[in-house]
Amino acid sequence: MSNFEAFFDYIQQISGKLLSDDDKHLLMEHFKPKKLRKRQYFLQEGDVCKYIGFIVKGSARTFTVDEKGHEHTLKLSLENWWLADFESFYLLTPSRFNIEALENLEVLQSTNAQIEEFLKRIPAFSAMSNLISQNYTIANQKRVQAAMSYTAEERYEELISSYPQFIQRFPQNIIASYLGLSRETLSRIRKNFSK
C-alpha cells in the first residue's frame, strides 16, 4: 500500500487535484508492482514497450547502442519519474532503446489501454499527464539545445544545476554518456570544477 500512497501523493501534488477513493481503487487495480534487480531490463531494443512504469524506488537509464558498440544514454530516471519508450508505447512499434535498472528498482506499471482509460475517467491523472507532457517537452527541447550549442563544460554545469542528484546517484561513465562526452573529458571537467 505504501508504494501506492507515494504514487497517489505524486498524482495529487502534480495535478493539484484530489483522487477519489474510486480513483485510487481503479489505479490500484490496474497498476501492478514490479521489481527489477540492478542491471535487469525494463525494456530491450526491438521489443514493443507494452508497459509504462512509475518509479517508486531506484534508478534507471534509457540508452541505445550504436553499430560500433558504444552506448548512448538518452535519459536518466529516478524516483517519481516515468519509464517508457513513449514512441513504442503509444504507437506499438519496436523500440530503438533499452531501459535498464541502474539500482534495484521498484515500479508500478500499466498498459497503454489502461492509461487511456485513466485519462478519460480520472481528472487528476489526466491533469498530471498533461503537466508531465509539457515538462518532458521542455526538458527535451533544453537537452537538444544544449547538445547542439553548449560546450562540454556548459553541459556539465547545466546538469549539476538542473539535476544535482544525478551526480550522487549515477556512475561517472553513465553521466559522461548522458552528456555525450568521453569519460576522460568528464574527468577533466570535474577536476576543473573542484578547483
# chains A, B, ... in the order shown; residues from 1 in each chain; ligands from 1
$ residues_around --residues "region 39-47 of chain A" --least-positions-apart "5" --cutoff "10 Å" --atoms "only C-alpha atoms" --output "list in words"
Lys34, Ile52, Gly53, Ala60, Arg61, Thr62, Phe63, Thr64, Val65, Leu83, Ala84, Asp85, Ser88, Leu92, Thr93, Pro94, Ser95, Arg96, Phe97, Asn98, Ile99, Glu100, Ala101, Leu102, Glu103, Asn104, Leu105 and Val107 of chain A
$ residues_around --residues "region 184-193 of chain A" --least-positions-apart "4" --cutoff "9 Å" --atoms "only C-alpha atoms" --output "PyMOL selection string"
chain A and resi 152-153+156-157+172-173+175-176+179
$ write_last_selection --atoms "N, CA, C and O atoms" --output "PDB file, in the first residue's frame"
ATOM      1  N   ALA A 152      31.161  21.412 -23.643  1.00  0.00           N
ATOM      2  CA  ALA A 152      31.115  20.293 -22.695  1.00  0.00           C
ATOM      3  C   ALA A 152      30.985  20.810 -21.260  1.00  0.00           C
ATOM      4  O   ALA A 152      30.203  20.273 -20.462  1.00  0.00           O
ATOM      5  N   GLU A 153      31.723  21.863 -20.946  1.00  0.00           N
ATOM      6  CA  GLU A 153      31.666  22.450 -19.598  1.00  0.00           C
ATOM      7  C   GLU A 153      30.277  23.004 -19.304  1.00  0.00           C
ATOM      8  O   GLU A 153      29.750  22.831 -18.199  1.00  0.00           O
ATOM      9  N   TYR A 156      27.837  20.172 -18.577  1.00  0.00           N
ATOM     10  CA  TYR A 156      28.040  19.647 -17.219  1.00  0.00           C
ATOM     11  C   TYR A 156      27.459  20.612 -16.187  1.00  0.00           C
ATOM     12  O   TYR A 156      26.775  20.206 -15.258  1.00  0.00           O
ATOM     13  N   GLU A 157      27.726  21.898 -16.375  1.00  0.00           N
ATOM     14  CA  GLU A 157      27.200  22.919 -15.467  1.00  0.00           C
ATOM     15  C   GLU A 157      25.667  22.900 -15.443  1.00  0.00           C
ATOM     16  O   GLU A 157      25.046  22.987 -14.374  1.00  0.00           O
ATOM     17  N   GLN A 172      30.020   7.791 -13.074  1.00  0.00           N
ATOM     18  CA  GLN A 172      30.570   8.806 -13.972  1.00  0.00           C
ATOM     19  C   GLN A 172      30.528   8.387 -15.442  1.00  0.00           C
ATOM     20  O   GLN A 172      30.326   9.230 -16.311  1.00  0.00           O
ATOM     21  N   ASN A 173      30.694   7.098 -15.726  1.00  0.00           N
ATOM     22  CA  ASN A 173      30.639   6.672 -17.131  1.00  0.00           C
ATOM     23  C   ASN A 173      29.230   6.869 -17.706  1.00  0.00           C
ATOM     24  O   ASN A 173      29.077   7.185 -18.875  1.00  0.00           O
ATOM     25  N   ILE A 175      27.081   9.248 -16.579  1.00  0.00           N
ATOM     26  CA  ILE A 175      26.959  10.714 -16.710  1.00  0.00           C
ATOM     27  C   ILE A 175      27.649  11.171 -18.001  1.00  0.00           C
ATOM     28  O   ILE A 175      27.106  11.976 -18.757  1.00  0.00           O
ATOM     29  N   ALA A 176      28.841  10.652 -18.251  1.00  0.00           N
ATOM     30  CA  ALA A 176      29.573  11.014 -19.475  1.00  0.00           C
ATOM     31  C   ALA A 176      28.755  10.649 -20.713  1.00  0.00           C
ATOM     32  O   ALA A 176      28.612  11.461 -21.637  1.00  0.00           O
ATOM     33  N   LEU A 179      25.895  13.018 -21.232  1.00  0.00           N
ATOM     34  CA  LEU A 179      26.320  14.334 -21.718  1.00  0.00           C
ATOM     35  C   LEU A 179      26.961  14.282 -23.098  1.00  0.00           C
ATOM     36  O   LEU A 179      27.286  15.317 -23.671  1.00  0.00           O
TER      37      LEU A 179
END
$ residues_around --residues "Ile11 (chain A)" --least-positions-apart "2" --cutoff "7 Å" --atoms "only C-alpha atoms" --output "ChimeraX atom specification"
/A:7-9,13-15,124-125,128
$ select_by_dssp --residues "chain A" --states "strand (DSSP E)" --output "ChimeraX atom specification"
/A:32-36,41-43,51-57,60-65,71-77,82-83,98-101,105-111
$ atom_distance --atom1 "CA of Ser59 (chain A)" --atom2 "CA of Trp81 (chain A)"
9.1 Å
$ atom_distance --atom1 "CA of Leu26 (chain A)" --atom2 "CA of Phe54 (chain A)"
15.8 Å
$ select_by_dssp --residues "region 3-194 of chain A" --states "alpha helix (DSSP H)" --output "ChimeraX atom specification"
/A:3-15,21-30,86-91,112-121,123-149,152-162,164-169,172-179,183-194
$ write_last_selection --atoms "C-alpha atoms" --output "compact mmCIF listing (two decimals), in the first residue's frame"
# COMPACT_ATOMS: atom_id res chain seq x y z
CA ASN A 3 4.02 2.26 -2.89
CA PHE A 4 0.55 3.36 -3.88
CA GLU A 5 0.36 6.08 -1.24
CA ALA A 6 3.52 7.66 -2.68
CA PHE A 7 2.03 7.30 -6.17
CA PHE A 8 -1.28 8.90 -5.11
CA ASP A 9 0.57 11.76 -3.39
CA TYR A 10 2.59 12.31 -6.55
CA ILE A 11 -0.50 12.44 -8.80
CA GLN A 12 -2.31 14.84 -6.44
CA GLN A 13 0.75 17.08 -5.98
CA ILE A 14 1.49 17.37 -9.71
CA SER A 15 -2.15 17.74 -10.79
CA ASP A 21 -11.50 6.57 -3.32
CA ASP A 22 -12.87 5.15 -6.58
CA ASP A 23 -9.95 6.70 -8.50
CA LYS A 24 -7.48 5.13 -6.07
CA HIS A 25 -9.17 1.75 -6.31
CA LEU A 26 -9.08 1.86 -10.12
CA LEU A 27 -5.37 2.79 -10.12
CA MET A 28 -4.52 0.06 -7.61
CA GLU A 29 -6.42 -2.47 -9.66
CA HIS A 30 -4.54 -1.71 -12.89
CA PHE A 86 6.87 6.67 -25.41
CA GLU A 87 7.05 6.26 -29.18
CA SER A 88 6.93 2.47 -28.85
CA PHE A 89 4.35 2.60 -26.04
CA TYR A 90 1.83 4.77 -27.91
CA LEU A 91 2.46 3.59 -31.49
CA ASN A 112 -1.43 1.68 -22.88
CA ALA A 113 -5.12 0.71 -22.85
CA GLN A 114 -5.32 1.28 -19.10
CA ILE A 115 -3.54 4.63 -19.32
CA GLU A 116 -6.07 5.74 -21.93
CA GLU A 117 -8.86 4.69 -19.57
CA PHE A 118 -7.31 6.62 -16.64
CA LEU A 119 -7.01 9.73 -18.84
CA LYS A 120 -10.75 9.57 -19.57
CA ARG A 121 -12.01 8.61 -16.11
CA PRO A 123 -9.37 14.03 -13.76
CA ALA A 124 -6.29 14.16 -11.50
CA PHE A 125 -4.49 11.59 -13.67
CA SER A 126 -5.36 13.50 -16.84
CA ALA A 127 -4.16 16.83 -15.38
CA MET A 128 -0.94 15.17 -14.16
CA SER A 129 -0.35 13.63 -17.58
CA ASN A 130 -0.77 16.99 -19.31
CA LEU A 131 1.70 18.71 -16.99
CA ILE A 132 4.25 15.91 -17.29
CA SER A 133 3.93 16.03 -21.07
CA GLN A 134 4.62 19.76 -21.05
CA ASN A 135 7.60 19.39 -18.70
CA TYR A 136 9.00 16.49 -20.72
CA THR A 137 8.74 18.52 -23.94
CA ILE A 138 10.51 21.49 -22.34
CA ALA A 139 13.25 19.28 -20.87
CA ASN A 140 13.83 17.59 -24.24
CA GLN A 141 14.00 20.95 -26.00
CA LYS A 142 16.60 22.18 -23.50
CA ARG A 143 18.58 18.96 -23.88
CA VAL A 144 18.66 19.25 -27.69
CA GLN A 145 19.73 22.89 -27.48
CA ALA A 146 22.49 22.01 -25.00
CA ALA A 147 23.72 19.16 -27.22
CA MET A 148 23.81 21.43 -30.27
CA SER A 149 25.19 24.66 -28.87
CA ALA A 152 31.11 20.29 -22.70
CA GLU A 153 31.67 22.45 -19.60
CA GLU A 154 28.34 24.23 -20.09
CA ARG A 155 26.51 20.90 -20.49
CA TYR A 156 28.04 19.65 -17.22
CA GLU A 157 27.20 22.92 -15.47
CA GLU A 158 23.59 22.70 -16.72
CA LEU A 159 23.34 19.11 -15.47
CA ILE A 160 24.55 19.89 -11.95
CA SER A 161 22.30 22.95 -11.85
CA SER A 162 19.16 21.17 -13.11
CA PRO A 164 22.26 17.77 -8.84
CA GLN A 165 21.02 14.38 -7.60
CA PHE A 166 22.33 12.75 -10.80
CA ILE A 167 25.92 13.38 -9.69
CA GLN A 168 25.36 11.40 -6.47
CA ARG A 169 23.23 8.62 -7.94
CA GLN A 172 30.57 8.81 -13.97
CA ASN A 173 30.64 6.67 -17.13
CA ILE A 174 26.82 6.94 -17.31
CA ILE A 175 26.96 10.71 -16.71
CA ALA A 176 29.57 11.01 -19.47
CA SER A 177 27.37 9.01 -21.86
CA TYR A 178 24.35 11.16 -20.97
CA LEU A 179 26.32 14.33 -21.72
CA ARG A 183 34.98 9.61 -19.53
CA GLU A 184 38.32 11.39 -19.81
CA THR A 185 36.69 14.68 -20.83
CA LEU A 186 34.19 14.44 -17.98
CA SER A 187 37.02 13.68 -15.54
CA ARG A 188 38.93 16.76 -16.72
CA ILE A 189 35.82 18.96 -16.42
CA ARG A 190 35.07 17.65 -12.91
CA LYS A 191 38.67 18.32 -11.89
CA ASN A 192 38.40 21.91 -13.14
CA PHE A 193 35.09 22.39 -11.30
CA SER A 194 36.57 21.23 -7.99
